[in-house]
Each structure stands twice: as structure tokens, then as C-alpha cells.
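*Asks:* One structure, pasted below without further comment.
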Amino acid sequence: RKVVLASILALAPGASPKAQDRGPQDPARSQQAAKRPAATIVREFRNTHLPGRSNDNSPEAIQEFRDAIAQACQRQADLALELYRSWPDHAEVPEMLNKRWAGMNNALGKASAVFAETLKVMKKETNPAILRQAVLAATRSALLLDEVSTKAKIEIAETACEIAPDDERGPLALVNIAKYHASDVAQMRKLCNRVLEDWGKTRWAGAAARGVQKQLQHIGQTPRFTATDIVSQKPIDTHSWLGHPWVLMLWGGFYGNTSKALEQIKAHRARHPLHVLGLYTWQYKGGPTKLRTDLATHHYDWPQLYTYEPGSSPWKGEWGTGETPLFFLIDAHGKVVALSYRFKNIERALRGLEGKGKRTGAVKKRRRV
């Protein structure tokens, strides 16, 4: 296990978190401060509940939900740290640290701080339960940090799979690497096959890997959409885009990664012409009319189709996912050649297509000469 942990420690990025985010210090250092009873800390932690989400997908409702989540997660993070510093051997410490790191990673945007903190814990901690949670949290942090290479992400995830083979967070990390960080379709398939080999029957990791495999079946296909664009309120036919690469975006709300992706697309289109078709797959409060208004407010002017129908589920639809945004890159011949859950990866694949086109054109020119 020491060898395995050393492989993670060697992969640490050079991030330097803020002082208030550096996490657990030596518990002995807190002895000078007055300690609250462990039972009080645990009770307050348990009484801090994460809010539920409504069906309102408007930008205002989503921001209100995110703010409430962040407040609850910060409170839980502070209480978990207090318990660890004051009562490091308490039975609730491993699970409370797990929730601390999960909240910091997912809701508070402090992946760099979590990665540094968990590496510090792994160097000094001897409690196997705490070590287990630290490795799993470091795996999640690595997924969120661009300074950690895809190769390093895979190594850390494999380490989590070895240390905690009964925890689906390890294999789920491999699936997420396929979805968000894989260099190409071949690597996506390899990672999903790896998960299906050992965790194919698991509830979450196996299902997630099969979902990506279903999406990979679209590679080589020639999708065509003929419908009324809710933005321009005019008919569109993607067949008219033949001769130019274009991007299909499945999405469902103005929040998180989706908002970031929408802004990235807008910025890309301001620099380079690019056909994009959005498929809004979830229910939007106010329906397509309100969605059209909100799109105009943000100056998202590319074609959009509102595909939600009462009783429908994006998970059971043709594209096999309710997790968005999801992107497919279609080449100039109308064939799907790449997919990813990050628009930046699609941009990279698009540059590859453009470079290939230029090289092909150069060859043809030389042959004519």
C-alpha cells in the first residue's frame, strides 16, 4: 500500500492553496484551543442538510440553489475539520472528512485545496479508513484539475480501484476520464472496457460505462435534423451543412459546466465560423418560448431544438444520457467523428479535422501539379 500511495504523492501538481483551505493540521496543534464536545460537533454536522432541487431550470433558480448548496457544504466542511483536529480518533471522522472533501470538490470549487490536503493526510495518517477516503477524494480532485495530465488521472484512479475495490468511485473516475479527458475515441473505449471488465454489474460505474458505450455507437453515423429552430423560428436542415464540420450539443439548463460551455461556444463562434445545433433535452420552466427569451438574453444565437416531451426521459432517449452538456463533432461528410462532455475537447478534435483537411488539400495540389 505504501508503494501505491507513493505513486499518488509523486503526481501532486504544484498548486498552493490558500491558507484557510490547507485543511487538517497536526491535531496536537489544536490542543491549546478549547475543544468542543465531539457529540456537539457531530450533531451540528448531521443537522446541516443539503437543499433539494426544484424543477425550475431558470438561471435565477439555479443560482439560488447553488448558493444554498455552497453554504451547507462549507458548514459541513468546517465541522468535519473541527472534529478531525480536536478528536482525530473519533469514529465519525472518516465519513465526515469524506463529505468535507466532496463538498469542497464539487460545490465549493476547491479541488486544488482538496488535492493538497489529501496528499498531506496520506503522508502522515495511519488510520486505514481515513487513508481510504483521502485517496478517493484525491482521485476526484485530480479529475477537476487541468494541471494533472490524463495519464496521471488514470494512474490515480487505478490506485483508488486497488485500495478501495468495493467503492464505485474508483471505476466511476475511469468512466469520467473517458467522458471528460480522453484524448480520442479509442481511449474512451479502452477505459470503458476496463470498467466493464471488473465492475460491469455495478449499479453506477457499470451503468455509466455502458452509457458511454451507447454514445460511442454514434461514431461513424450520419445524423440529420430537420425541424424548426426555436431561436430564429425558421426551419433548419443540417443536411445543408455538408461540406463543413459542425457540433451537436445536448444540454439542459443554464448552470455549471453547461453555462461555461455555452460561453465557450459563443467565444469560438466569434473567432471562427462554426455550425452548432443545440438539443434541449430537459423540461424548461416556461417551455420553448421562455427558453428562446433566455437564449436571446445571453446572446446564444445558434439554432436550438426543444426536444422535451411530457413523460419523456433523456436517459432512455436516442442519445442515452440526461447528463449534460454532451457534444458530438460531425465532419464535413456528415459523419460523427468525436464526442466529449467538454467543449474544449471538441475544439481540439475540430483543429485536428482542420489540420487534416489542409494536409489533404496540399497533397491534392501537389498531385495536380
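In the C-alpha cells, chains take the letters A, B, ... in the order shown, each chain's residues start at 1, and ligands count up from 1 in the order shown.
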Just list as a ChimeraX atom specification whatever in range 89-322 of chain A DSSP marks as helix (DSSP H, G or I).
*Replies:* /A:93-106,111-124,128-144,150-163,169-180,185-199,205-216,238-241,256-271,287-297,314-316
*Asks:* Find the residues near range 55-63 of chain A: any atom within 7 Å, counting only C-alpha atoms, skip ones fewer than 4 places away on the same chain, and give them as JSON, numbers by chain.
*Replies:* {"A": [67, 253, 254, 255, 284, 285]}
*Asks:* Excluding Thr281 in chain A and its own-chain neighbours fewer than 5 positions away, which residues fall within 8 Å of it when counting only C-alpha atoms? Please give them as a list in words.
*Replies:* Leu250, Trp251, Gly252, Tyr306, Thr307, Tyr308, Pro314 and Gly322 of chain A
*Asks:* A:Ala111, A:Ile236, A:Ala205, A:Ala116: which is nearest Pro165 in chain A, counting only C-alpha atoms?
*Replies:*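 For Pro165 in chain A, the nearest of the given residues is A:Ala205.
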*Asks:* From the DSSP assignment of the backbone, select every residue of range 235-326 of chain A that is strand (DSSP E or B), and format the answer as a CSV table (one decimal) with N, CA and C atoms, in the first residue's frame.
*Replies:*
chain,number,residue,atom,x,y,z
A,235,PRO,N,-37.3,27.0,-40.3
A,235,PRO,CA,-36.9,25.6,-40.5
A,235,PRO,C,-35.4,25.5,-40.7
A,236,ILE,N,-34.8,24.4,-40.2
A,236,ILE,CA,-33.4,24.1,-40.4
A,236,ILE,C,-33.3,22.7,-40.9
A,237,ASP,N,-32.2,22.4,-41.6
A,237,ASP,CA,-31.9,21.1,-42.1
A,237,ASP,C,-30.4,21.0,-42.1
A,246,TRP,N,-19.6,20.4,-38.0
A,246,TRP,CA,-20.5,21.1,-37.1
A,246,TRP,C,-20.6,20.3,-35.8
A,247,VAL,N,-21.2,21.0,-34.8
A,247,VAL,CA,-21.2,20.4,-33.5
A,247,VAL,C,-22.7,20.3,-33.0
A,248,LEU,N,-23.0,19.1,-32.5
A,248,LEU,CA,-24.3,18.8,-31.9
A,248,LEU,C,-24.1,18.9,-30.4
A,249,MET,N,-24.9,19.7,-29.7
A,249,MET,CA,-24.8,19.9,-28.2
A,249,MET,C,-26.1,19.5,-27.6
A,250,LEU,N,-26.0,18.5,-26.7
A,250,LEU,CA,-27.2,18.1,-25.9
A,250,LEU,C,-27.0,18.8,-24.5
A,251,TRP,N,-28.1,19.6,-24.1
A,251,TRP,CA,-27.9,20.3,-22.8
A,251,TRP,C,-29.3,20.4,-22.1
A,275,HIS,N,-21.0,25.9,-37.4
A,275,HIS,CA,-22.3,25.5,-37.2
A,275,HIS,C,-22.5,24.7,-35.9
A,276,VAL,N,-23.5,25.1,-35.1
A,276,VAL,CA,-23.8,24.4,-33.9
A,276,VAL,C,-25.3,24.2,-33.8
A,277,LEU,N,-25.7,23.0,-33.4
A,277,LEU,CA,-27.1,22.7,-33.1
A,277,LEU,C,-27.3,22.3,-31.7
A,278,GLY,N,-28.1,23.0,-30.9
A,278,GLY,CA,-28.4,22.6,-29.6
A,278,GLY,C,-29.7,21.8,-29.5
A,279,LEU,N,-29.6,20.7,-28.7
A,279,LEU,CA,-30.8,19.9,-28.4
A,279,LEU,C,-31.1,20.1,-26.9
A,280,TYR,N,-32.2,20.8,-26.6
A,280,TYR,CA,-32.5,21.0,-25.1
A,280,TYR,C,-33.4,19.8,-24.7
A,304,GLN,N,-31.5,26.0,-32.0
A,304,GLN,CA,-31.8,25.2,-30.9
A,304,GLN,C,-33.1,24.4,-31.2
A,305,LEU,N,-33.2,23.2,-30.8
A,305,LEU,CA,-34.4,22.4,-30.8
A,305,LEU,C,-34.8,22.0,-29.4
A,306,TYR,N,-36.1,22.2,-29.1
A,306,TYR,CA,-36.6,21.8,-27.8
A,306,TYR,C,-37.2,20.5,-27.9
A,326,LEU,N,-23.3,17.4,-23.5
A,326,LEU,CA,-22.7,16.4,-24.2
A,326,LEU,C,-22.5,16.8,-25.7
*Asks:* Which residues are near Lys335 in chain A? Cut-off 8 Å, only C-alpha atoms, ignore same chain within fewer than 2 positions. Put them as a list in words.
*Replies:* Ile219, Gly220, Gln221, Thr222, Pro223, Ile330, Asp331, Ala332, His333 and Val337 of chain A
*Asks:* List as a ChimeraX atom specification the protein and nucleic acid residues near range 103-110 of chain A, meaning an atom at most 9 Å away when only C-alpha atoms are counted, but skip any in the same chain fewer than 2 places from it.
*Replies:* /A:17,21,66,69-74,76-77,98-101,112-115,137,140-141,144
*Asks:* Take the residues just selected and output them with N, CA, C and O atoms as a PDB file, in the first residue's frame.
*Replies:*
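Produced file result-v9.pdb, reproduced below:
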ATOM      1  N   PRO A  17      -2.696  26.022  -2.265  1.00  0.00           N
ATOM      2  CA  PRO A  17      -3.989  26.527  -1.822  1.00  0.00           C
ATOM      3  C   PRO A  17      -3.843  27.651  -0.811  1.00  0.00           C
ATOM      4  O   PRO A  17      -2.814  27.803  -0.173  1.00  0.00           O
ATOM      5  N   ASP A  21      -7.598  27.122   3.303  1.00  0.00           N
ATOM      6  CA  ASP A  21      -8.053  25.899   2.653  1.00  0.00           C
ATOM      7  C   ASP A  21      -7.054  24.752   2.804  1.00  0.00           C
ATOM      8  O   ASP A  21      -7.224  23.710   2.200  1.00  0.00           O
ATOM      9  N   ARG A  66     -27.571  26.784  -6.085  1.00  0.00           N
ATOM     10  CA  ARG A  66     -26.121  26.612  -5.940  1.00  0.00           C
ATOM     11  C   ARG A  66     -25.597  27.356  -4.718  1.00  0.00           C
ATOM     12  O   ARG A  66     -24.725  26.858  -4.004  1.00  0.00           O
ATOM     13  N   ILE A  69     -26.507  25.301  -1.637  1.00  0.00           N
ATOM     14  CA  ILE A  69     -25.637  24.125  -1.562  1.00  0.00           C
ATOM     15  C   ILE A  69     -24.264  24.514  -1.023  1.00  0.00           C
ATOM     16  O   ILE A  69     -23.693  23.850  -0.147  1.00  0.00           O
ATOM     17  N   ALA A  70     -23.715  25.592  -1.549  1.00  0.00           N
ATOM     18  CA  ALA A  70     -22.380  26.031  -1.132  1.00  0.00           C
ATOM     19  C   ALA A  70     -22.345  26.374   0.354  1.00  0.00           C
ATOM     20  O   ALA A  70     -21.395  26.027   1.067  1.00  0.00           O
ATOM     21  N   GLN A  71     -23.382  27.031   0.829  1.00  0.00           N
ATOM     22  CA  GLN A  71     -23.430  27.404   2.240  1.00  0.00           C
ATOM     23  C   GLN A  71     -23.464  26.170   3.138  1.00  0.00           C
ATOM     24  O   GLN A  71     -22.745  26.097   4.145  1.00  0.00           O
ATOM     25  N   ALA A  72     -24.284  25.183   2.775  1.00  0.00           N
ATOM     26  CA  ALA A  72     -24.375  23.958   3.567  1.00  0.00           C
ATOM     27  C   ALA A  72     -23.073  23.165   3.517  1.00  0.00           C
ATOM     28  O   ALA A  72     -22.610  22.640   4.538  1.00  0.00           O
ATOM     29  N   CYS A  73     -22.465  23.088   2.332  1.00  0.00           N
ATOM     30  CA  CYS A  73     -21.218  22.329   2.191  1.00  0.00           C
ATOM     31  C   CYS A  73     -20.086  22.982   2.970  1.00  0.00           C
ATOM     32  O   CYS A  73     -19.244  22.286   3.553  1.00  0.00           O
ATOM     33  N   GLN A  74     -20.039  24.308   2.971  1.00  0.00           N
ATOM     34  CA  GLN A  74     -18.988  24.989   3.723  1.00  0.00           C
ATOM     35  C   GLN A  74     -19.150  24.730   5.216  1.00  0.00           C
ATOM     36  O   GLN A  74     -18.155  24.514   5.931  1.00  0.00           O
ATOM     37  N   GLN A  76     -20.553  22.065   6.614  1.00  0.00           N
ATOM     38  CA  GLN A  76     -20.141  20.687   6.858  1.00  0.00           C
ATOM     39  C   GLN A  76     -18.628  20.544   6.813  1.00  0.00           C
ATOM     40  O   GLN A  76     -18.027  19.821   7.627  1.00  0.00           O
ATOM     41  N   ALA A  77     -17.995  21.237   5.886  1.00  0.00           N
ATOM     42  CA  ALA A  77     -16.537  21.163   5.774  1.00  0.00           C
ATOM     43  C   ALA A  77     -15.867  21.690   7.030  1.00  0.00           C
ATOM     44  O   ALA A  77     -14.893  21.099   7.534  1.00  0.00           O
ATOM     45  N   ASN A  98     -14.903  12.634   4.389  1.00  0.00           N
ATOM     46  CA  ASN A  98     -15.371  12.288   3.044  1.00  0.00           C
ATOM     47  C   ASN A  98     -16.340  13.352   2.530  1.00  0.00           C
ATOM     48  O   ASN A  98     -16.216  13.834   1.392  1.00  0.00           O
ATOM     49  N   LYS A  99     -17.286  13.752   3.375  1.00  0.00           N
ATOM     50  CA  LYS A  99     -18.258  14.763   2.951  1.00  0.00           C
ATOM     51  C   LYS A  99     -17.616  16.141   2.854  1.00  0.00           C
ATOM     52  O   LYS A  99     -18.008  16.959   2.004  1.00  0.00           O
ATOM     53  N   ARG A 100     -16.652  16.419   3.709  1.00  0.00           N
ATOM     54  CA  ARG A 100     -15.926  17.687   3.608  1.00  0.00           C
ATOM     55  C   ARG A 100     -15.278  17.803   2.239  1.00  0.00           C
ATOM     56  O   ARG A 100     -15.458  18.790   1.523  1.00  0.00           O
ATOM     57  N   TRP A 101     -14.519  16.779   1.868  1.00  0.00           N
ATOM     58  CA  TRP A 101     -13.782  16.825   0.605  1.00  0.00           C
ATOM     59  C   TRP A 101     -14.722  16.791  -0.603  1.00  0.00           C
ATOM     60  O   TRP A 101     -14.452  17.444  -1.606  1.00  0.00           O
ATOM     61  N   SER A 112      -8.148  22.100  -5.900  1.00  0.00           N
ATOM     62  CA  SER A 112      -6.717  22.234  -5.659  1.00  0.00           C
ATOM     63  C   SER A 112      -6.405  22.111  -4.173  1.00  0.00           C
ATOM     64  O   SER A 112      -5.442  21.447  -3.770  1.00  0.00           O
ATOM     65  N   ALA A 113      -7.226  22.759  -3.336  1.00  0.00           N
ATOM     66  CA  ALA A 113      -7.031  22.672  -1.892  1.00  0.00           C
ATOM     67  C   ALA A 113      -7.246  21.259  -1.391  1.00  0.00           C
ATOM     68  O   ALA A 113      -6.506  20.764  -0.530  1.00  0.00           O
ATOM     69  N   VAL A 114      -8.255  20.564  -1.929  1.00  0.00           N
ATOM     70  CA  VAL A 114      -8.518  19.184  -1.520  1.00  0.00           C
ATOM     71  C   VAL A 114      -7.358  18.282  -1.905  1.00  0.00           C
ATOM     72  O   VAL A 114      -6.923  17.427  -1.121  1.00  0.00           O
ATOM     73  N   PHE A 115      -6.828  18.478  -3.108  1.00  0.00           N
ATOM     74  CA  PHE A 115      -5.733  17.622  -3.556  1.00  0.00           C
ATOM     75  C   PHE A 115      -4.527  17.792  -2.639  1.00  0.00           C
ATOM     76  O   PHE A 115      -3.916  16.809  -2.201  1.00  0.00           O
ATOM     77  N   ALA A 137     -10.848  10.910  -2.430  1.00  0.00           N
ATOM     78  CA  ALA A 137     -11.039  12.346  -2.637  1.00  0.00           C
ATOM     79  C   ALA A 137      -9.970  12.918  -3.555  1.00  0.00           C
ATOM     80  O   ALA A 137     -10.258  13.777  -4.399  1.00  0.00           O
ATOM     81  N   ARG A 140     -10.939  12.283  -7.122  1.00  0.00           N
ATOM     82  CA  ARG A 140     -11.927  13.244  -7.619  1.00  0.00           C
ATOM     83  C   ARG A 140     -11.272  14.592  -7.920  1.00  0.00           C
ATOM     84  O   ARG A 140     -11.556  15.221  -8.948  1.00  0.00           O
ATOM     85  N   SER A 141     -10.394  15.042  -7.035  1.00  0.00           N
ATOM     86  CA  SER A 141      -9.716  16.318  -7.255  1.00  0.00           C
ATOM     87  C   SER A 141      -8.909  16.293  -8.541  1.00  0.00           C
ATOM     88  O   SER A 141      -8.914  17.258  -9.310  1.00  0.00           O
ATOM     89  N   LEU A 144     -10.676  17.132 -11.622  1.00  0.00           N
ATOM     90  CA  LEU A 144     -11.092  18.522 -11.767  1.00  0.00           C
ATOM     91  C   LEU A 144      -9.939  19.471 -12.068  1.00  0.00           C
ATOM     92  O   LEU A 144     -10.172  20.644 -12.374  1.00  0.00           O
TER      93      LEU A 144
END
*Asks:* Ranking A:Lys214, A:Gly334, A:Pro171, A:Leu119 by minimum distance to Glu197 in chain A and counting only C-alpha atoms, which one comes first?
*Replies:*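 That would be A:Pro171, the residue with the smallest distance to Glu197 in chain A.
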*Asks:* So how far away is CA of Ala34 in chain A from CA of Glu92 in chain A, in Å?
*Replies:* 20.0 Å
*Asks:* Separation of CA of Trp204 in chain A and CA of Phe343 in chain A, in Å?
*Replies:*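 CA of Phe343 in chain A lies 24.4 Å from CA of Trp204 in chain A.
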*Asks:* So, with only C-alpha atoms as the atoms that count, which of A:Thr126, A:Arg132, A:Arg189, A:Ala68 lies closest to Ala164 in chain A?
*Replies:*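 Looking at the shortest contact to Ala164 in chain A, the residue is A:Arg132.
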*Asks:* How far is it from CA of Ala267 in chain A to CA of Thr293 in chain A, in Å with one decimal?
*Replies:*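 It comes out at 20.0 Å.
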*Asks:* Could you list, as a list of chain:residue names, every residue within 12 Å of Arg348 in chain A, counting only C-alpha atoms and ignoring same-chain residues fewer than 5 positions away?
*Replies:*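 Non-adjacent residues within range: A:His181, A:Ala182, A:Ser183, A:Asp184, A:His268, A:Leu329, A:Ala338, A:Leu339, A:Ser340, A:Arg342, A:Phe343, A:Leu353, A:Glu354, A:Gly355.
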*Asks:* Those selected residues, please, written with C-alpha atoms and delivered as an mmCIF file, in the first residue's frame.
*Replies:*
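For reference, selection-v6.cif as written:
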data_model
loop_
_atom_site.group_PDB
_atom_site.id
_atom_site.type_symbol
_atom_site.label_atom_id
_atom_site.label_comp_id
_atom_site.auth_asym_id
_atom_site.auth_seq_id
_atom_site.Cartn_x
_atom_site.Cartn_y
_atom_site.Cartn_z
ATOM 1 C CA HIS A 181 -10.402 13.887 -20.564
ATOM 2 C CA ALA A 182 -9.833 11.072 -23.073
ATOM 3 C CA SER A 183 -7.589 12.059 -25.972
ATOM 4 C CA ASP A 184 -9.695 10.241 -28.566
ATOM 5 C CA HIS A 268 -15.448 30.231 -30.537
ATOM 6 C CA LEU A 329 -18.456 16.510 -33.636
ATOM 7 C CA ALA A 338 -15.780 12.509 -31.907
ATOM 8 C CA LEU A 339 -17.730 13.014 -28.710
ATOM 9 C CA SER A 340 -16.980 14.503 -25.321
ATOM 10 C CA ARG A 342 -16.213 19.084 -22.656
ATOM 11 C CA PHE A 343 -16.368 21.567 -25.491
ATOM 12 C CA LEU A 353 -10.039 17.914 -38.661
ATOM 13 C CA GLU A 354 -8.973 21.297 -39.998
ATOM 14 C CA GLY A 355 -5.325 20.275 -39.974
#
*Asks:* Ranking A:Tyr341, A:Gly352, A:Gly256, A:Glu125 by minimum distance to Met188 in chain A and counting only C-alpha atoms, which one comes first?
*Replies:* A:Tyr341
